[in-house]
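Undergrad: Pasting final-v6.pdb here (PDB, C-alpha atoms):
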ATOM      1  CA  SER A 128     -54.742   5.165  83.967
ATOM      2  CA  LEU A 129     -55.984   4.835  87.592
ATOM      3  CA  SER A 130     -57.407   8.401  87.539
ATOM      4  CA  LEU A 131     -56.124   8.937  91.078
ATOM      5  CA  PHE A 132     -53.370  11.543  90.624
ATOM      6  CA  ASP A 133     -53.213  15.080  89.278
ATOM      7  CA  GLU A 134     -50.779  16.084  86.547
ATOM      8  CA  GLY A 135     -48.461  17.942  88.930
ATOM      9  CA  PHE A 136     -47.910  14.792  91.002
ATOM     10  CA  LEU A 137     -47.365  12.646  87.912
ATOM     11  CA  LYS A 138     -44.805  15.130  86.591
ATOM     12  CA  MET A 139     -42.976  14.970  89.921
ATOM     13  CA  LEU A 140     -42.828  11.168  89.588
ATOM     14  CA  ARG A 141     -41.559  11.435  86.013
ATOM     15  CA  ASP A 142     -38.727  13.693  87.186
ATOM     16  CA  PHE A 143     -38.059  11.773  90.418
ATOM     17  CA  LYS A 144     -34.460  11.526  91.613
ATOM     18  CA  PHE A 145     -33.380  10.072  94.930
ATOM     19  CA  THR A 146     -31.415  12.728  96.846
ATOM     20  CA  GLY A 147     -30.962  10.987 100.185
ATOM     21  CA  ASP A 148     -28.168   8.916 101.682
ATOM     22  CA  ILE A 149     -28.085   5.136 102.139
ATOM     23  CA  TYR A 150     -25.680   3.558 104.622
ATOM     24  CA  ALA A 151     -25.146  -0.172 104.088
ATOM     25  CA  ILE A 152     -23.288  -3.013 105.747
ATOM     26  CA  LYS A 153     -20.657  -4.408 103.410
ATOM     27  CA  GLU A 154     -21.842  -7.413 101.399
ATOM     28  CA  GLY A 155     -20.790 -10.726 102.875
ATOM     29  CA  ARG A 156     -20.405  -9.449 106.434
ATOM     30  CA  PRO A 157     -22.168 -11.587 109.059
ATOM     31  CA  VAL A 158     -24.940  -9.679 110.813
ATOM     32  CA  PHE A 159     -26.342 -10.312 114.277
ATOM     33  CA  PRO A 160     -30.084 -10.205 115.166
ATOM     34  CA  GLY A 161     -31.432  -6.702 115.533
ATOM     35  CA  GLU A 162     -28.609  -5.101 113.551
ATOM     36  CA  PRO A 163     -29.817  -2.866 110.688
ATOM     37  CA  LEU A 164     -28.638  -3.873 107.227
ATOM     38  CA  LEU A 165     -29.385  -0.459 105.729
ATOM     39  CA  ARG A 166     -30.019   3.037 107.046
ATOM     40  CA  VAL A 167     -31.863   5.470 104.782
ATOM     41  CA  LYS A 168     -31.800   9.223 105.412
ATOM     42  CA  ALA A 169     -33.979  11.113 102.936
ATOM     43  CA  PRO A 170     -37.056  13.298 102.494
ATOM     44  CA  ILE A 171     -39.961  11.107 103.588
ATOM     45  CA  MET A 172     -41.500  10.693 100.150
ATOM     46  CA  GLU A 173     -38.187   9.631  98.625
ATOM     47  CA  ALA A 174     -37.589   7.229 101.502
ATOM     48  CA  GLN A 175     -41.025   5.679 101.008
ATOM     49  CA  LEU A 176     -40.641   5.312  97.234
ATOM     50  CA  VAL A 177     -37.465   3.211  97.568
ATOM     51  CA  GLU A 178     -38.856   0.954 100.321
ATOM     52  CA  THR A 179     -40.150  -1.926  98.200
ATOM     53  CA  THR A 180     -37.114  -1.957  95.924
ATOM     54  CA  LEU A 181     -34.688  -2.089  98.840
ATOM     55  CA  LEU A 182     -36.645  -4.782 100.654
ATOM     56  CA  THR A 183     -36.956  -7.112  97.659
ATOM     57  CA  ILE A 184     -33.244  -6.763  96.822
ATOM     58  CA  VAL A 185     -31.921  -7.083 100.358
ATOM     59  CA  ASN A 186     -34.330  -9.708 101.729
ATOM     60  CA  HIS A 187     -33.985 -12.187  98.867
ATOM     61  CA  GLN A 188     -30.234 -11.984  98.425
ATOM     62  CA  THR A 189     -29.572 -12.052 102.185
ATOM     63  CA  LEU A 190     -31.778 -15.146 102.434
ATOM     64  CA  ILE A 191     -29.942 -17.010  99.664
ATOM     65  CA  ALA A 192     -26.490 -15.937 100.862
ATOM     66  CA  THR A 193     -27.379 -17.218 104.337
ATOM     67  CA  LYS A 194     -28.619 -20.558 102.994
ATOM     68  CA  ALA A 195     -25.511 -20.888 100.828
ATOM     69  CA  ASN A 196     -23.290 -20.238 103.829
ATOM     70  CA  ARG A 197     -25.028 -22.954 105.855
ATOM     71  CA  ILE A 198     -24.491 -25.411 103.013
ATOM     72  CA  CYS A 199     -20.837 -24.421 102.626
ATOM     73  CA  GLN A 200     -20.270 -24.814 106.360
ATOM     74  CA  ALA A 201     -21.784 -28.315 106.234
ATOM     75  CA  ALA A 202     -19.511 -29.268 103.322
ATOM     76  CA  GLY A 203     -16.430 -28.062 105.184
ATOM     77  CA  SER A 204     -13.474 -25.988 104.131
ATOM     78  CA  GLY A 205     -11.907 -28.711 101.992
ATOM     79  CA  ASP A 206     -14.894 -29.289  99.700
ATOM     80  CA  VAL A 207     -16.219 -27.183  96.826
ATOM     81  CA  VAL A 208     -19.880 -26.095  96.626
ATOM     82  CA  MET A 209     -21.354 -24.929  93.305
ATOM     83  CA  GLU A 210     -24.730 -23.261  92.756
ATOM     84  CA  PHE A 211     -26.828 -25.288  90.296
ATOM     85  CA  GLY A 212     -30.345 -23.924  90.883
ATOM     86  CA  LEU A 213     -31.442 -21.741  87.957
ATOM     87  CA  ARG A 214     -34.139 -24.085  86.605
ATOM     88  CA  ARG A 215     -35.850 -24.229  90.019
ATOM     89  CA  ALA A 216     -35.537 -20.549  90.921
ATOM     90  CA  GLN A 217     -38.684 -18.465  91.392
ATOM     91  CA  GLY A 218     -38.237 -16.731  88.067
ATOM     92  CA  PRO A 219     -35.267 -15.401  86.058
ATOM     93  CA  ASP A 220     -34.395 -12.534  88.408
ATOM     94  CA  ALA A 221     -34.312 -14.842  91.419
ATOM     95  CA  GLY A 222     -32.060 -17.185  89.472
ATOM     96  CA  ILE A 223     -29.629 -14.447  88.468
ATOM     97  CA  TYR A 224     -29.413 -12.530  91.740
ATOM     98  CA  GLY A 225     -29.759 -15.696  93.808
ATOM     99  CA  ALA A 226     -26.700 -17.168  92.104
ATOM    100  CA  ARG A 227     -24.791 -13.974  92.846
ATOM    101  CA  ALA A 228     -25.876 -14.159  96.485
ATOM    102  CA  ALA A 229     -24.780 -17.797  96.675
ATOM    103  CA  ILE A 230     -21.250 -16.722  95.738
ATOM    104  CA  ILE A 231     -21.304 -14.137  98.541
ATOM    105  CA  GLY A 232     -22.387 -16.972 100.845
ATOM    106  CA  GLY A 233     -19.386 -19.120  99.927
ATOM    107  CA  CYS A 234     -20.102 -21.024  96.706
ATOM    108  CA  VAL A 235     -17.159 -21.109  94.292
ATOM    109  CA  GLY A 236     -19.145 -20.915  91.055
ATOM    110  CA  THR A 237     -22.532 -21.143  89.369
ATOM    111  CA  SER A 238     -24.042 -23.007  86.438
ATOM    112  CA  ASN A 239     -25.879 -19.773  85.532
ATOM    113  CA  VAL A 240     -23.806 -18.437  82.641
ATOM    114  CA  LEU A 241     -25.608 -15.074  82.512
ATOM    115  CA  THR A 242     -24.816 -14.411  86.174
ATOM    116  CA  GLY A 243     -21.218 -15.319  85.423
ATOM    117  CA  LYS A 244     -21.123 -12.812  82.573
ATOM    118  CA  LEU A 245     -22.876  -9.999  84.442
ATOM    119  CA  TYR A 246     -20.882 -10.239  87.656
ATOM    120  CA  GLU A 247     -17.618 -11.899  86.552
ATOM    121  CA  ILE A 248     -18.400 -14.979  88.637
ATOM    122  CA  PRO A 249     -16.794 -18.354  87.785
ATOM    123  CA  VAL A 250     -19.136 -20.611  85.795
ATOM    124  CA  LYS A 251     -18.999 -24.332  86.464
ATOM    125  CA  GLY A 252     -21.034 -27.346  85.435
ATOM    126  CA  THR A 253     -21.165 -30.618  83.576
ATOM    127  CA  HIS A 254     -23.205 -32.136  80.778
ATOM    128  CA  SER A 255     -26.810 -33.289  81.206
ATOM    129  CA  HIS A 256     -28.489 -36.680  81.102
ATOM    130  CA  SER A 257     -30.088 -35.610  77.820
ATOM    131  CA  TRP A 258     -26.589 -35.254  76.349
ATOM    132  CA  VAL A 259     -25.965 -38.928  77.056
ATOM    133  CA  MET A 260     -29.425 -39.942  75.839
ATOM    134  CA  SER A 261     -29.029 -38.058  72.550
ATOM    135  CA  PHE A 262     -26.214 -40.376  71.395
ATOM    136  CA  PRO A 263     -26.564 -43.982  70.187
ATOM    137  CA  THR A 264     -24.588 -45.230  73.199
ATOM    138  CA  GLU A 265     -23.302 -43.870  76.473
ATOM    139  CA  ILE A 266     -19.665 -44.224  75.486
ATOM    140  CA  ASP A 267     -20.330 -42.295  72.253
ATOM    141  CA  ALA A 268     -21.673 -39.437  74.389
ATOM    142  CA  PHE A 269     -18.674 -39.551  76.715
ATOM    143  CA  ARG A 270     -16.215 -39.556  73.804
ATOM    144  CA  ALA A 271     -17.922 -36.610  72.165
ATOM    145  CA  TYR A 272     -17.797 -34.637  75.411
ATOM    146  CA  ALA A 273     -14.142 -35.524  75.963
ATOM    147  CA  ASP A 274     -13.346 -34.378  72.416
ATOM    148  CA  ALA A 275     -15.077 -31.047  73.058
ATOM    149  CA  PHE A 276     -13.546 -30.493  76.516
ATOM    150  CA  PRO A 277     -10.329 -32.535  76.717
ATOM    151  CA  ASP A 278      -8.948 -30.495  79.622
ATOM    152  CA  ALA A 279     -12.251 -30.094  81.477
ATOM    153  CA  CYS A 280     -13.790 -33.537  81.144
ATOM    154  CA  LEU A 281     -16.190 -34.361  83.984
ATOM    155  CA  LEU A 282     -18.635 -37.126  83.034
ATOM    156  CA  LEU A 283     -22.142 -37.735  84.397
ATOM    157  CA  VAL A 284     -22.193 -41.481  84.994
ATOM    158  CA  ASP A 285     -25.680 -42.296  86.350
ATOM    159  CA  THR A 286     -27.881 -42.041  83.243
ATOM    160  CA  TYR A 287     -28.341 -45.803  82.832
ATOM    161  CA  ASP A 288     -26.350 -47.830  85.374
ATOM    162  CA  THR A 289     -23.691 -46.093  87.433
ATOM    163  CA  LEU A 290     -21.459 -49.015  88.363
ATOM    164  CA  ASN A 291     -22.029 -51.408  85.455
ATOM    165  CA  SER A 292     -22.176 -48.926  82.580
ATOM    166  CA  GLY A 293     -21.371 -45.339  83.486
ATOM    167  CA  MET A 294     -18.149 -45.961  85.389
ATOM    168  CA  PRO A 295     -16.610 -48.527  83.011
ATOM    169  CA  ASN A 296     -17.367 -46.272  80.039
ATOM    170  CA  ALA A 297     -15.999 -43.203  81.833
ATOM    171  CA  ILE A 298     -12.780 -45.014  82.724
ATOM    172  CA  THR A 299     -12.348 -46.133  79.113
ATOM    173  CA  VAL A 300     -12.719 -42.541  77.913
ATOM    174  CA  PHE A 301     -10.375 -41.289  80.650
ATOM    175  CA  GLN A 302      -7.725 -43.760  79.474
ATOM    176  CA  GLU A 303      -8.182 -42.554  75.901
ATOM    177  CA  LEU A 304      -7.847 -38.948  77.073
ATOM    178  CA  ARG A 305      -4.631 -39.741  78.939
ATOM    179  CA  SER A 306      -3.182 -41.420  75.860
ATOM    180  CA  ARG A 307      -3.639 -38.066  74.082
ATOM    181  CA  GLY A 308      -1.913 -36.129  76.845
ATOM    182  CA  HIS A 309      -4.950 -34.938  78.837
ATOM    183  CA  GLU A 310      -6.114 -35.702  82.372
ATOM    184  CA  PRO A 311      -9.831 -35.977  83.289
ATOM    185  CA  LEU A 312     -11.418 -33.834  85.978
ATOM    186  CA  GLY A 313     -13.658 -36.626  87.260
ATOM    187  CA  ILE A 314     -17.263 -37.808  87.412
ATOM    188  CA  ARG A 315     -20.649 -36.615  88.666
ATOM    189  CA  LEU A 316     -23.314 -38.602  90.532
ATOM    190  CA  ASP A 317     -26.847 -37.190  90.444
ATOM    191  CA  SER A 318     -28.998 -39.973  91.900
ATOM    192  CA  GLY A 319     -29.061 -43.141  93.961
ATOM    193  CA  ASP A 320     -27.333 -43.948  97.234
ATOM    194  CA  LEU A 321     -24.635 -41.287  96.998
ATOM    195  CA  ALA A 322     -22.666 -42.553  99.988
ATOM    196  CA  TYR A 323     -22.410 -46.103  98.645
ATOM    197  CA  LEU A 324     -21.948 -45.125  95.013
ATOM    198  CA  SER A 325     -19.253 -42.570  95.771
ATOM    199  CA  LYS A 326     -17.229 -45.161  97.703
ATOM    200  CA  GLN A 327     -17.524 -47.681  94.865
ATOM    201  CA  CYS A 328     -16.683 -45.087  92.230
ATOM    202  CA  ARG A 329     -13.665 -43.896  94.209
ATOM    203  CA  GLN A 330     -12.351 -47.444  94.372
ATOM    204  CA  MET A 331     -12.908 -47.972  90.648
ATOM    205  CA  LEU A 332     -11.144 -44.716  89.760
ATOM    206  CA  ASP A 333      -8.210 -45.498  92.043
ATOM    207  CA  ASP A 334      -7.866 -49.038  90.703
ATOM    208  CA  ALA A 335      -7.870 -47.681  87.132
ATOM    209  CA  GLY A 336      -5.039 -45.266  87.926
ATOM    210  CA  PHE A 337      -7.034 -42.046  88.369
ATOM    211  CA  PRO A 338      -6.600 -41.142  92.060
ATOM    212  CA  ASN A 339      -6.767 -37.422  91.286
ATOM    213  CA  ALA A 340     -10.133 -37.618  89.493
ATOM    214  CA  LYS A 341     -12.735 -35.805  91.595
ATOM    215  CA  ILE A 342     -16.235 -37.002  92.458
ATOM    216  CA  THR A 343     -18.997 -34.410  92.267
ATOM    217  CA  ALA A 344     -22.461 -35.054  93.713
ATOM    218  CA  SER A 345     -25.764 -33.326  92.986
ATOM    219  CA  GLY A 346     -29.464 -34.081  93.328
ATOM    220  CA  ASP A 347     -31.688 -32.319  95.927
ATOM    221  CA  LEU A 348     -28.812 -31.661  98.307
ATOM    222  CA  ASP A 349     -28.889 -29.314 101.287
ATOM    223  CA  GLU A 350     -26.792 -28.809 104.409
ATOM    224  CA  THR A 351     -28.549 -31.626 106.294
ATOM    225  CA  LEU A 352     -28.058 -34.227 103.560
ATOM    226  CA  ILE A 353     -24.475 -33.134 102.935
ATOM    227  CA  ALA A 354     -23.658 -33.459 106.635
ATOM    228  CA  ASP A 355     -25.283 -36.908 106.680
ATOM    229  CA  LEU A 356     -23.309 -38.062 103.634
ATOM    230  CA  ILE A 357     -20.066 -36.870 105.184
ATOM    231  CA  HIS A 358     -20.997 -38.706 108.396
ATOM    232  CA  GLN A 359     -21.484 -41.876 106.301
ATOM    233  CA  GLY A 360     -17.985 -41.487 104.890
ATOM    234  CA  ALA A 361     -19.058 -40.565 101.357
ATOM    235  CA  ARG A 362     -16.093 -40.033  99.012
ATOM    236  CA  ILE A 363     -17.384 -36.798  97.507
ATOM    237  CA  ASP A 364     -15.121 -33.857  96.689
ATOM    238  CA  ASN A 365     -17.500 -31.324  95.108
ATOM    239  CA  TRP A 366     -21.170 -30.536  95.711
ATOM    240  CA  GLY A 367     -23.597 -29.133  93.141
ATOM    241  CA  VAL A 368     -26.553 -27.708  95.058
ATOM    242  CA  GLY A 369     -29.634 -26.497  93.218
ATOM    243  CA  THR A 370     -33.282 -26.462  94.279
ATOM    244  CA  LYS A 371     -32.886 -26.308  98.043
ATOM    245  CA  LEU A 372     -30.291 -23.545  97.790
ATOM    246  CA  ILE A 373     -31.830 -21.220  95.213
ATOM    247  CA  THR A 374     -35.287 -21.475  96.871
ATOM    248  CA  SER A 375     -34.003 -21.721 100.467
ATOM    249  CA  GLU A 376     -36.558 -24.493 100.730
ATOM    250  CA  ASP A 377     -36.755 -24.864 104.512
ATOM    251  CA  ALA A 378     -37.022 -21.090 105.105
ATOM    252  CA  PRO A 379     -38.263 -19.564 101.847
ATOM    253  CA  SER A 380     -38.521 -15.959 102.988
ATOM    254  CA  LEU A 381     -36.618 -13.463 105.109
ATOM    255  CA  GLY A 382     -38.785 -11.164 107.223
ATOM    256  CA  GLY A 383     -36.706  -8.047 106.823
ATOM    257  CA  VAL A 384     -38.703  -4.878 107.541
ATOM    258  CA  TYR A 385     -38.338  -1.185 106.745
ATOM    259  CA  LYS A 386     -39.404   1.054 109.630
ATOM    260  CA  MET A 387     -39.234   4.755 110.346
ATOM    261  CA  SER A 388     -36.843   5.373 113.246
ATOM    262  CA  ALA A 389     -36.835   9.182 113.356
ATOM    263  CA  MET A 390     -38.301  12.308 111.747
ATOM    264  CA  GLU A 391     -36.590  15.662 111.561
ATOM    265  CA  GLU A 392     -38.970  18.376 112.750
ATOM    266  CA  ASP A 393     -37.799  22.021 112.767
ATOM    267  CA  GLY A 394     -34.193  20.865 112.718
ATOM    268  CA  VAL A 395     -34.653  18.434 115.614
ATOM    269  CA  LEU A 396     -34.463  14.661 115.151
ATOM    270  CA  VAL A 397     -37.505  13.112 116.872
ATOM    271  CA  PRO A 398     -37.334   9.336 117.482
ATOM    272  CA  LYS A 399     -40.227   7.204 116.204
ATOM    273  CA  ILE A 400     -41.186   3.603 116.934
ATOM    274  CA  LYS A 401     -43.967   1.225 115.969
ATOM    275  CA  VAL A 402     -45.562  -0.256 119.096
ATOM    276  CA  SER A 403     -46.838  -3.804 118.869
ATOM    277  CA  ASP A 404     -47.689  -6.843 120.983
ATOM    278  CA  ASN A 405     -45.279  -8.714 118.720
ATOM    279  CA  PRO A 406     -41.744  -8.262 120.168
ATOM    280  CA  ALA A 407     -40.152  -8.900 116.760
ATOM    281  CA  LYS A 408     -42.079  -5.989 115.274
ATOM    282  CA  VAL A 409     -40.876  -3.650 118.008
TER     283      VAL A 409
END
Would you give me this structure, written as structure tokens?

TA:
Amino acid sequence: SLSLFDEGFLKMLRDFKFTGDIYAIKEGRPVFPGEPLLRVKAPIMEAQLVETTLLTIVNHQTLIATKANRICQAAGSGDVVMEFGLRRAQGPDAGIYGARAAIIGGCVGTSNVLTGKLYEIPVKGTHSHSWVMSFPTEIDAFRAYADAFPDACLLLVDTYDTLNSGMPNAITVFQELRSRGHEPLGIRLDSGDLAYLSKQCRQMLDDAGFPNAKITASGDLDETLIADLIHQGARIDNWGVGTKLITSEDAPSLGGVYKMSAMEEDGVLVPKIKVSDNPAKV
């Protein structure tokens, strides 16, 4: 439709098959600056035609895996980090492959069910605020959720009033669950002063006889905020990290490049290099 190419060239594109070799660092391996992630050896036209595909796959997923690893390091080895970012991802593909990359970076699961299905990744999550708001009362919502998931009951307690409504109602439902032979997983906090609220919630859970119930936190978390909360002594066991992970908010792109390093001429490999005043380019 561009009227730029003859029929012979278009036929070649229709029949195109990549015949070269690609050498790749194993996924999940830490890489130092200046170390190639991929090496492509192919006829020049084939090598050029795969450039954009390779760069968009490798750059994005390496970026998100790196961000995920920073977050997991901040949380520490004893805490669990889950990827919760699909709704804020830069489109469906970024949400799917970004969640996969987050697992490579150290997250234990994702709220993205399609990614879980496609790549056999654990799916994890809780109910939404709208679940609570769709019932006549908060405790009705909690009871309905506990009935649906008696062995995986983790309640979101901050829809109306965390300490005066959410926690008392959650504890009531947890006691009802226990009377039926089930133990709750815990609660989730998604807003407010997470350090203070987590300490108060931990005390309330312990006093009610649920010392093993876990506290999950979410809500615009990143490695800096997680480290700060830990420094404040927050009683948080699990972290659900969304927007700032799936978008790598503080560094939203990875400047990976694809450069020719050699050309074979008459059977001899001739080195090539781009010369620039920018040292990074060289």

Undergrad: Determine, counting all atoms listed in the file, which protein, DNA and RNA residues have an atom within 7 Å of an atom of region 295-312 of chain A; residues of the same chain fewer than 2 positions away are not included. Present the result as a PyMOL selection string.

TA: chain A and resi 266+269-270+277-282+291-293+340-341

Undergrad: Counting all atoms listed in the file, which residues in region 225-310 of chain A sit no more than 8 Å from region 322-330 of chain A? For each one, give the nearest pair of atoms and the distance in Å, sorted by chain then residue number, as CSV.

TA:
residue,atom,partner,partner_atom,distance
A:Thr289,CA,A:Leu324,CA,7.8
A:Leu290,CA,A:Cys328,CA,7.3
A:Met294,CA,A:Cys328,CA,7.1

Undergrad: Would you mind telling me which residue in A:Gln175, A:Thr193, A:Thr180, A:Ser318 lies nearest to Glu350 (chain A) when using all atoms listed in the file?

TA: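 Residue with the minimum atom-to-atom distance to Glu350 (chain A): A:Thr193.
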
Undergrad: Mind listing as a list in words all residues within 12 Å of (-39.5, -6.3, 118.7), counting all atoms listed in the file?

TA: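 The residues near that point, listed by chain and number, are Pro160, Gly161, Val384, Lys386, Ile400, Lys401, Val402, Ser403, Asp404, Asn405, Pro406, Ala407, Lys408 and Val409 of chain A.
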
Undergrad: Would you place a box with edges along x, y and z of the file around all atoms of region 346-354 of chain A listed there, add 8 Å to each of its six sides, and report the centre and edge lengths in Å to one decimal, as lines of an AutoDock Vina configuration file?

TA:
center_x = -27.7
center_y = -31.5
center_z = 100.0
size_x = 24.0
size_y = 21.4
size_z = 29.3

Undergrad: Of the candidates A:Leu241, A:Ala151, A:Ala344, A:Ile184, which shows the shortest atom-to-atom distance to Thr253 (chain A), using only C-alpha atoms?

TA: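 That would be A:Ala344, the residue with the smallest distance to Thr253 (chain A).
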
Undergrad: Go through A:Lys251, A:Lys153, A:Lys194, A:Arg227 one by one, measure the shortest atom-to-atom distance of each to Leu381 (chain A) using only C-alpha atoms, and give the residue with the smallest value.

TA: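 Result for the nearest residue to Leu381 (chain A): A:Lys194.
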
Undergrad: Taking all atoms listed in the file into account, which of A:Met387, A:Phe262, A:Arg214, A:Ile191 comes nearest Asn239 (chain A)?

TA: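 Ranked by minimum distance to Asn239 (chain A), first place goes to A:Arg214.
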